[in-house]
>>> print(open('final04.txt').read())   # compact mmCIF, C-alpha atoms
# COMPACT_ATOMS: atom_id res chain seq x y z
CA MET A 894 25.64 -147.61 87.05
CA GLY A 895 22.44 -149.62 87.24
CA ASP A 896 20.80 -148.04 84.20
CA ASP A 897 18.21 -150.77 83.75
CA ALA A 898 16.69 -149.29 80.58
CA SER A 899 19.90 -149.92 78.66
CA MET A 900 20.45 -153.37 80.08
CA ARG A 901 20.55 -156.11 77.53
CA ARG A 902 18.25 -159.06 77.93
CA PHE A 903 17.17 -162.05 75.91
CA ILE A 904 14.72 -164.71 76.99
CA GLY A 905 14.57 -167.94 75.03
CA ARG A 906 13.59 -171.52 75.61
CA ASP A 907 15.27 -172.58 78.87
CA LEU A 908 17.71 -169.77 78.35
CA VAL A 909 18.13 -166.27 79.72
CA LEU A 910 20.86 -163.90 78.66
CA GLY A 911 21.28 -160.62 80.41
CA GLU A 912 23.67 -157.91 81.38
CA CYS A 913 24.23 -157.63 85.10
CA PRO A 914 24.09 -154.25 86.82
CA ALA A 915 27.49 -152.62 87.22
CA ARG A 916 29.40 -154.55 89.81
CA ALA A 917 32.26 -153.54 92.03
CA CYS A 918 35.34 -155.57 91.07
CA VAL A 919 38.66 -155.18 92.79
CA GLU A 920 41.72 -157.11 91.75
CA LEU A 921 43.80 -158.24 94.66
CA ARG A 922 47.34 -159.57 94.63
CA GLY A 923 49.17 -160.92 97.62
CA ASP A 924 50.99 -163.85 99.13
CA PRO A 925 48.56 -166.65 100.09
CA ASP A 926 51.22 -168.09 102.41
CA ASP A 927 51.15 -164.88 104.46
CA ALA A 928 48.61 -165.60 107.21
CA SER A 929 48.18 -161.90 107.97
CA PHE A 930 47.21 -161.24 104.33
CA VAL A 931 44.58 -163.99 104.34
CA ARG A 932 43.29 -162.80 107.70
CA ALA A 933 43.03 -159.18 106.59
CA VAL A 934 41.06 -160.12 103.48
CA ARG A 935 38.75 -162.10 105.70
CA THR A 936 38.08 -159.17 108.01
CA VAL A 937 36.91 -157.06 105.06
CA THR A 938 34.96 -159.64 103.06
CA ASP A 939 33.99 -162.13 105.77
CA LEU A 940 35.15 -164.81 103.32
CA PRO A 941 38.00 -167.33 103.26
CA LEU A 942 40.44 -166.64 100.43
CA PRO A 943 39.98 -169.43 97.84
CA LEU A 944 43.45 -170.98 97.47
CA ASP A 945 42.67 -173.77 95.01
CA PRO A 946 42.66 -173.03 91.27
CA GLY A 947 39.28 -172.15 89.84
CA ARG A 948 37.47 -171.86 93.15
CA SER A 949 35.47 -169.01 94.55
CA ALA A 950 33.91 -167.96 97.82
CA ALA A 951 30.58 -166.18 98.00
CA GLY A 952 28.96 -164.36 100.88
CA LEU A 953 26.47 -161.61 101.59
CA LEU A 954 28.96 -158.76 101.33
CA ALA A 955 31.18 -159.93 98.52
CA SER A 956 32.48 -162.82 96.50
CA ILE A 957 36.10 -163.73 95.79
CA LEU A 958 37.13 -165.46 92.59
CA TRP A 959 40.47 -167.20 92.11
CA LEU A 960 42.39 -165.70 89.17
CA GLY A 961 45.87 -167.07 89.79
CA PRO A 962 48.02 -168.46 92.58
CA ASP A 963 48.49 -164.94 93.98
CA ARG A 964 45.62 -163.09 92.29
CA TRP A 965 41.94 -162.79 93.14
CA LEU A 966 38.93 -160.79 92.04
CA VAL A 967 36.82 -159.41 94.87
CA CYS A 968 33.32 -158.54 93.64
CA SER A 969 30.42 -156.90 95.41
CA ASP A 970 26.91 -155.90 94.41
CA THR A 971 26.31 -153.98 97.61
CA GLN A 972 29.37 -151.73 97.80
CA ALA A 973 30.90 -149.24 95.41
CA GLY A 974 34.20 -150.35 93.94
CA SER A 975 36.03 -147.38 95.41
CA ASP A 976 34.67 -148.19 98.90
CA LEU A 977 35.57 -151.86 98.57
CA ALA A 978 39.07 -151.00 97.38
CA ALA A 979 39.49 -148.45 100.15
CA SER A 980 38.48 -150.88 102.88
CA LEU A 981 40.79 -153.56 101.46
CA ARG A 982 43.64 -151.06 101.25
CA ALA A 983 43.05 -149.97 104.82
CA ALA A 984 43.04 -153.53 106.12
CA LEU A 985 46.10 -154.46 104.06
CA ALA A 986 48.06 -151.27 104.72
CA ALA A 987 50.98 -153.00 106.42
CA ILE A 988 51.12 -155.97 104.04
CA ALA A 989 52.89 -156.26 100.69
CA CYS A 990 50.04 -156.54 98.20
CA ALA A 991 48.22 -154.75 95.39
CA VAL A 992 44.60 -153.59 95.37
CA VAL A 993 43.22 -152.20 92.11
CA ASP A 994 39.64 -151.18 91.37
CA VAL A 995 39.01 -152.74 87.95
CA GLY A 996 35.19 -152.62 87.91
CA ALA A 997 34.99 -149.87 85.29
CA ALA A 998 37.02 -151.97 82.85
CA ARG A 999 34.63 -154.89 82.69
CA ILE A 1000 31.00 -155.84 82.39
CA VAL A 1001 29.23 -159.04 83.39
CA TYR A 1002 26.77 -161.02 81.29
CA ALA A 1003 24.67 -163.73 82.87
CA VAL A 1004 23.83 -166.83 80.86
CA GLY A 1005 21.26 -168.93 82.65
CA GLY A 1006 18.94 -171.87 82.11
CA SER A 1007 19.31 -175.47 81.10
CA ASN A 1008 20.49 -174.47 77.60
CA ALA A 1009 23.23 -172.18 78.98
CA ARG A 1010 25.92 -174.84 78.67
CA ALA A 1011 24.97 -175.55 75.07
CA VAL A 1012 25.23 -171.86 74.18
CA LEU A 1013 28.63 -171.40 75.82
CA ALA A 1014 29.94 -174.63 74.31
CA LYS A 1015 29.71 -172.99 70.88
CA GLY A 1016 32.60 -170.70 71.69
CA CYS A 1017 34.37 -172.05 74.74
CA SER A 1018 36.64 -175.07 74.80
CA LEU A 1019 36.27 -175.61 78.54
CA ASP A 1020 34.20 -178.54 79.73
CA LEU A 1021 31.46 -176.75 81.66
CA HIS A 1022 29.57 -179.93 82.59
CA GLU A 1023 28.61 -179.90 86.26
CA ARG A 1024 30.93 -182.83 86.93
CA LYS A 1025 33.95 -180.87 85.71
CA PHE A 1026 32.79 -177.35 86.52
CA PRO A 1027 30.60 -177.50 89.62
CA LEU A 1028 28.80 -174.66 91.36
CA GLY A 1029 31.15 -171.90 92.45
CA HIS A 1030 33.92 -172.74 90.04
CA CYS A 1031 35.46 -170.02 87.92
CA ALA A 1032 37.93 -170.02 85.05
CA GLN A 1033 39.62 -167.52 82.82
CA THR A 1034 39.51 -168.69 79.25
CA LEU A 1035 38.50 -167.63 75.76
CA LEU A 1036 34.88 -167.35 74.67
CA ALA A 1037 34.59 -166.80 70.93
CA LYS A 1038 38.22 -165.60 71.03
CA ALA A 1039 37.43 -162.99 73.69
CA PRO A 1040 39.28 -163.30 77.01
CA VAL A 1041 36.64 -163.90 79.67
CA LEU A 1042 36.23 -164.97 83.25
CA VAL A 1043 33.49 -167.61 83.53
CA HIS A 1044 31.90 -168.15 86.93
CA LEU A 1045 29.15 -170.65 87.72
CA SER A 1046 27.32 -168.56 90.30
CA GLY A 1047 23.96 -170.33 90.41
CA ALA A 1048 22.87 -173.96 90.23
CA GLU A 1049 20.05 -173.35 87.69
CA PRO A 1050 22.72 -173.09 86.12
CA THR A 1051 23.71 -169.43 85.88
CA PHE A 1052 27.07 -168.61 84.36
CA GLU A 1053 28.46 -165.13 84.82
CA ILE A 1054 30.75 -164.03 82.01
CA HIS A 1055 33.10 -161.18 82.90
CA VAL A 1056 34.39 -159.52 79.78
CA ALA A 1057 36.31 -156.33 79.02
CA ARG A 1058 33.98 -153.38 78.55
CA SER A 1059 35.57 -152.77 75.16
CA LEU A 1060 34.24 -156.18 74.08
CA ARG A 1061 30.72 -155.55 75.44
CA ASP A 1062 29.06 -155.25 72.01
CA TYR A 1063 31.10 -158.05 70.49
CA ALA A 1064 30.35 -160.46 73.31
CA TRP A 1065 26.65 -159.61 73.27
CA ALA A 1066 26.42 -160.03 69.49
CA TRP A 1067 28.07 -163.41 69.79
CA LEU A 1068 25.87 -164.52 72.69
CA ARG A 1069 22.71 -163.41 70.83
CA ALA A 1070 23.77 -165.29 67.70
CA ALA A 1071 24.69 -168.39 69.70
CA ALA A 1072 21.32 -168.19 71.48
CA SER A 1073 19.21 -167.62 68.37
CA GLU A 1074 18.30 -171.29 67.97
CA TYR A 1075 16.63 -171.12 71.38
CA ALA A 1076 14.63 -167.99 70.58
CA ALA A 1077 11.06 -167.97 71.82
CA GLU A 1078 10.46 -164.27 72.31
CA ALA A 1079 13.03 -161.53 72.29
CA ASP A 1080 12.81 -158.07 73.81
CA ASP A 1081 16.13 -157.02 72.40
CA ALA A 1082 17.19 -157.86 68.89
CA MET B 947 46.37 -177.52 68.25
CA LEU B 948 48.29 -178.49 71.36
CA ARG B 949 46.55 -179.20 74.63
CA ILE B 950 48.82 -177.89 77.36
CA ALA B 951 48.35 -178.76 81.02
CA CYS B 952 48.85 -175.53 82.95
CA PRO B 953 50.22 -176.44 86.40
CA TRP B 954 47.39 -174.43 87.98
CA CYS B 955 44.46 -174.47 85.58
CA GLY B 956 44.79 -177.93 84.02
CA ALA B 957 44.58 -178.86 80.33
CA ARG B 958 43.69 -175.97 78.06
CA ASP B 959 43.90 -175.18 74.36
CA GLU B 960 47.14 -173.84 72.96
CA THR B 961 45.36 -170.59 71.94
CA GLU B 962 45.20 -169.60 75.63
CA PHE B 963 48.99 -169.70 75.91
CA GLY B 964 51.98 -167.73 74.78
CA TYR B 965 55.33 -169.25 73.89
CA GLY B 966 58.52 -168.08 75.59
CA GLY B 967 61.33 -169.94 73.86
CA GLU B 968 63.93 -172.18 75.39
CA ALA B 969 63.88 -172.55 79.16
CA HIS B 970 66.88 -172.52 81.50
CA VAL B 971 68.83 -169.85 79.64
CA ALA B 972 70.44 -168.17 82.62
CA LEU B 973 71.84 -164.65 82.61
CA PRO B 974 75.63 -165.02 83.04
CA ALA B 975 76.77 -163.89 86.48
CA ASP B 976 79.41 -161.58 84.99
CA ALA B 977 77.07 -160.12 82.36
CA ALA B 978 78.74 -156.68 82.44
CA GLN B 979 82.15 -158.21 81.69
CA LEU B 980 81.10 -160.36 78.74
CA SER B 981 82.68 -160.00 75.33
CA ASP B 982 80.35 -159.16 72.44
CA ALA B 983 80.61 -162.73 71.23
CA ALA B 984 79.72 -164.19 74.62
CA TRP B 985 76.86 -161.70 75.01
CA ALA B 986 75.53 -162.64 71.57
CA GLU B 987 75.84 -166.28 72.54
CA TYR B 988 73.66 -165.64 75.59
CA LEU B 989 71.13 -163.45 73.76
CA PHE B 990 70.63 -165.27 70.49
CA MET B 991 71.99 -168.79 70.47
CA ARG B 992 69.57 -171.57 71.39
CA SER B 993 69.88 -175.33 71.28
CA ASN B 994 67.05 -175.75 68.71
CA PRO B 995 66.91 -179.54 69.09
CA LYS B 996 65.08 -182.00 66.89
CA GLY B 997 63.41 -183.87 69.71
CA ARG B 998 62.74 -183.03 73.31
CA HIS B 999 62.87 -179.35 74.11
CA ARG B 1000 62.54 -177.69 77.50
CA GLU B 1001 60.69 -174.49 76.83
CA ARG B 1002 58.72 -171.74 78.51
CA TRP B 1003 54.99 -171.11 78.14
CA VAL B 1004 52.71 -168.54 79.72
CA HIS B 1005 48.99 -169.04 80.35
CA THR B 1006 48.11 -165.61 78.94
CA HIS B 1007 44.33 -165.98 78.93
CA GLY B 1008 44.18 -167.98 82.17
CA CYS B 1009 46.19 -167.52 85.32
CA ARG B 1010 48.93 -165.54 83.49
CA ARG B 1011 51.64 -167.73 85.01
CA TRP B 1012 54.90 -168.79 83.35
CA PHE B 1013 55.90 -172.43 83.52
CA ASN B 1014 58.11 -174.92 81.69
CA VAL B 1015 57.16 -177.69 79.30
CA VAL B 1016 59.14 -180.61 77.85
CA ARG B 1017 57.87 -180.96 74.28
CA ASP B 1018 59.12 -183.07 71.42
CA THR B 1019 59.62 -180.68 68.51
CA THR B 1020 58.99 -183.39 65.92
CA THR B 1021 55.99 -185.20 67.37
CA GLU B 1022 54.55 -182.28 69.41
CA ARG B 1023 54.12 -184.71 72.26
CA ILE B 1024 54.34 -183.05 75.69
CA PHE B 1025 56.25 -185.17 78.20
CA ALA B 1026 56.21 -183.01 81.31
CA VAL B 1027 55.07 -179.69 82.71
CA TYR B 1028 56.90 -178.14 85.65
CA LEU B 1029 57.14 -174.88 87.52
CA ALA B 1030 59.28 -171.97 86.41
CA GLY B 1031 62.36 -171.65 88.59
CA SER B 1032 62.71 -175.38 89.16
CA PRO B 1033 65.62 -177.34 87.67
CA PRO B 1034 65.22 -178.92 84.21
CA ALA B 1035 62.75 -181.78 84.43
CA GLN B 1036 64.45 -185.17 84.17
CA LEU B 1037 62.39 -187.77 82.34
CA PRO B 1038 62.55 -191.40 83.52
CA ASP B 1039 63.92 -192.69 80.19
CA GLU B 1040 66.68 -190.07 79.95
CA PRO B 1041 70.23 -190.48 81.28
CA ALA B 1042 70.74 -188.33 84.37
>>> encode(input="final04.txt", output="structure tokens")
Amino acid sequence: MGDDASMRRFIGRDLVLGECPARACVELRGDPDDASFVRAVRTVTDLPLPLDPGRSAAGLLASILWLGPDRWLVCSDTQAGSDLAASLRAALAAIACAVVDVGAARIVYAVGGSNARAVLAKGCSLDLHERKFPLGHCAQTLLAKAPVLVHLSGAEPTFEIHVARSLRDYAWAWLRAAASEYAAEADDA
Amino acid sequence: MLRIACPWCGARDETEFGYGGEAHVALPADAAQLSDAAWAEYLFMRSNPKGRHRERWVHTHGCRRWFNVVRDTTTERIFAVYLAGSPPAQLPDEPA
């Protein structure tokens, strides 16, 4: 958790790659047509459940990313995953749903700067242009054959790439190679 | 490579999807009473058309949802995409 010395970082021309500190991620399944489910999630996260495909909601306490018509990822940088899962479970105790702490299974890379889209385009078939993929959108897709969750979290732009922890080295090696043409100075080779 | 329009996520590359064979193959209501031949018919026999085929796909690397597609097996053209559990999609140029 938060071991900054081992964090990966690369700074290039109009491009920053980096590994985000460990983040609480809880996968949530439930019926979006059940008003009590939506309400209970709101009491814990203070966020409306995003119901449209590829949308997300972000607040001070947490963010919620749409994964499927009945599946969401609740992320938080301020709470531990076990605490977040416990508070969701408590609020959803009487409602048919599933709450699973999946934070340990994944890591998050940030790809930021005006060259970020060009780097991701080398391995991702999604159109990430701001017209098609505006701020706050998220999508599960393949990046260099690796299953990822892409989330445009900042307007700079900053893309957050959630990837399985087992693919941490692979994804970083690919990102570094894709970014090499933008190299200016590197503090991690 | 096919481009398949997931009903939730929109058009994506075929590599994100898994194929599930012919759609609308229903489990017989009296499955326990079936003869071996009838059971084999249900398990193994498919229409295998040359032309339009109603088939199942799953968006494995996206929303993980199953849905149905009408695809022409000779031209690979996709005519329609519709939700799993709904009746076979009827195309405008097909007899009802």
>>> atom_distance(input="final04.txt", atom1="CA of Thr1020 (chain B)", atom2="CA of Gly997 (chain B)")
5.8 Å
>>> residues_around(input="final04.txt", residues="Lys996 (chain B)", least_positions_apart="5", cutoff="10 Å", atoms="all atoms listed in the file", output="PyMOL selection string")
chain B and resi 1018-1021
>>> atom_distance(input="final04.txt", atom1="CA of Ala1057 (chain A)", atom2="CA of Val1041 (chain A)")
7.6 Å
>>> closest_atom_pairs(input="final04.txt", of="chain B", to="chain A", cutoff="10 Å", atoms="all atoms listed in the file", output="CSV")
residue,atom,partner,partner_atom,distance
B:Pro953,CA,A:Pro946,CA,9.6
B:Trp954,CA,A:Pro946,CA,5.9
B:Cys955,CA,A:Pro946,CA,6.1
B:Gly956,CA,A:Pro946,CA,9.0
B:Ala957,CA,A:Leu1019,CA,9.1
B:Arg958,CA,A:Leu1019,CA,7.4
B:Asp959,CA,A:Ser1018,CA,7.3
B:Thr961,CA,A:Leu1035,CA,8.4
B:Glu962,CA,A:Thr1034,CA,6.8
B:His1005,CA,A:Thr1034,CA,9.6
B:Thr1006,CA,A:Thr1034,CA,9.1
B:His1007,CA,A:Thr1034,CA,5.5
B:Gly1008,CA,A:Gln1033,CA,4.6
B:Cys1009,CA,A:Gly961,CA,4.5
B:Arg1010,CA,A:Gly961,CA,7.2
B:Arg1011,CA,A:Gly961,CA,7.5
>>> closest_residue(input="final04.txt", among="A:Cys1017, A:Leu1060, A:Cys918, A:Leu910", to="Ala997 (chain A)", atoms="all atoms listed in the file")
A:Cys918
>>> closest_residue(input="final04.txt", among="A:Ala1003, A:Val931, A:Ala1037, A:Ala1011", to="Arg902 (chain A)", atoms="only C-alpha atoms")
A:Ala1003
>>> decode(input="final04.txt", residues="region 963-978 of chain B", atoms="N, CA and C atoms", output="PDB file, in the first residue's frame")
ATOM      1  N   PHE B 963     -15.067 -10.380 -27.878  1.00  0.00           N
ATOM      2  CA  PHE B 963     -16.270 -11.189 -27.702  1.00  0.00           C
ATOM      3  C   PHE B 963     -15.960 -12.685 -27.693  1.00  0.00           C
ATOM      4  N   GLY B 964     -16.880 -13.433 -27.155  1.00  0.00           N
ATOM      5  CA  GLY B 964     -16.859 -14.877 -27.274  1.00  0.00           C
ATOM      6  C   GLY B 964     -18.104 -15.316 -28.029  1.00  0.00           C
ATOM      7  N   TYR B 965     -17.980 -16.469 -28.696  1.00  0.00           N
ATOM      8  CA  TYR B 965     -19.070 -16.966 -29.522  1.00  0.00           C
ATOM      9  C   TYR B 965     -19.801 -18.067 -28.780  1.00  0.00           C
ATOM     10  N   GLY B 966     -21.129 -18.081 -28.861  1.00  0.00           N
ATOM     11  CA  GLY B 966     -21.906 -19.041 -28.084  1.00  0.00           C
ATOM     12  C   GLY B 966     -22.781 -19.967 -28.910  1.00  0.00           C
ATOM     13  N   GLY B 967     -22.546 -20.052 -30.211  1.00  0.00           N
ATOM     14  CA  GLY B 967     -23.330 -20.979 -31.020  1.00  0.00           C
ATOM     15  C   GLY B 967     -24.729 -20.473 -31.318  1.00  0.00           C
ATOM     16  N   GLU B 968     -25.529 -21.376 -31.856  1.00  0.00           N
ATOM     17  CA  GLU B 968     -26.867 -21.007 -32.299  1.00  0.00           C
ATOM     18  C   GLU B 968     -27.741 -20.538 -31.135  1.00  0.00           C
ATOM     19  N   ALA B 969     -28.499 -19.490 -31.374  1.00  0.00           N
ATOM     20  CA  ALA B 969     -29.413 -18.977 -30.349  1.00  0.00           C
ATOM     21  C   ALA B 969     -30.763 -19.690 -30.459  1.00  0.00           C
ATOM     22  N   HIS B 970     -31.574 -19.537 -29.421  1.00  0.00           N
ATOM     23  CA  HIS B 970     -32.944 -20.040 -29.408  1.00  0.00           C
ATOM     24  C   HIS B 970     -33.023 -21.562 -29.452  1.00  0.00           C
ATOM     25  N   VAL B 971     -32.021 -22.221 -28.878  1.00  0.00           N
ATOM     26  CA  VAL B 971     -32.107 -23.669 -28.698  1.00  0.00           C
ATOM     27  C   VAL B 971     -32.630 -23.883 -27.285  1.00  0.00           C
ATOM     28  N   ALA B 972     -33.905 -24.182 -27.180  1.00  0.00           N
ATOM     29  CA  ALA B 972     -34.533 -24.248 -25.856  1.00  0.00           C
ATOM     30  C   ALA B 972     -34.441 -25.650 -25.280  1.00  0.00           C
ATOM     31  N   LEU B 973     -34.203 -25.720 -23.993  1.00  0.00           N
ATOM     32  CA  LEU B 973     -34.235 -27.017 -23.294  1.00  0.00           C
ATOM     33  C   LEU B 973     -35.653 -27.568 -23.361  1.00  0.00           C
ATOM     34  N   PRO B 974     -35.830 -28.817 -23.860  1.00  0.00           N
ATOM     35  CA  PRO B 974     -37.191 -29.367 -23.918  1.00  0.00           C
ATOM     36  C   PRO B 974     -37.815 -29.426 -22.529  1.00  0.00           C
ATOM     37  N   ALA B 975     -39.115 -29.157 -22.462  1.00  0.00           N
ATOM     38  CA  ALA B 975     -39.797 -29.103 -21.172  1.00  0.00           C
ATOM     39  C   ALA B 975     -39.739 -30.452 -20.462  1.00  0.00           C
ATOM     40  N   ASP B 976     -39.789 -31.545 -21.235  1.00  0.00           N
ATOM     41  CA  ASP B 976     -39.795 -32.877 -20.634  1.00  0.00           C
ATOM     42  C   ASP B 976     -38.403 -33.509 -20.751  1.00  0.00           C
ATOM     43  N   ALA B 977     -37.369 -32.731 -20.411  1.00  0.00           N
ATOM     44  CA  ALA B 977     -35.996 -33.179 -20.661  1.00  0.00           C
ATOM     45  C   ALA B 977     -35.706 -34.539 -20.039  1.00  0.00           C
ATOM     46  N   ALA B 978     -36.259 -34.805 -18.835  1.00  0.00           N
ATOM     47  CA  ALA B 978     -35.957 -36.062 -18.152  1.00  0.00           C
ATOM     48  C   ALA B 978     -36.580 -37.260 -18.870  1.00  0.00           C
TER      49      ALA B 978
END
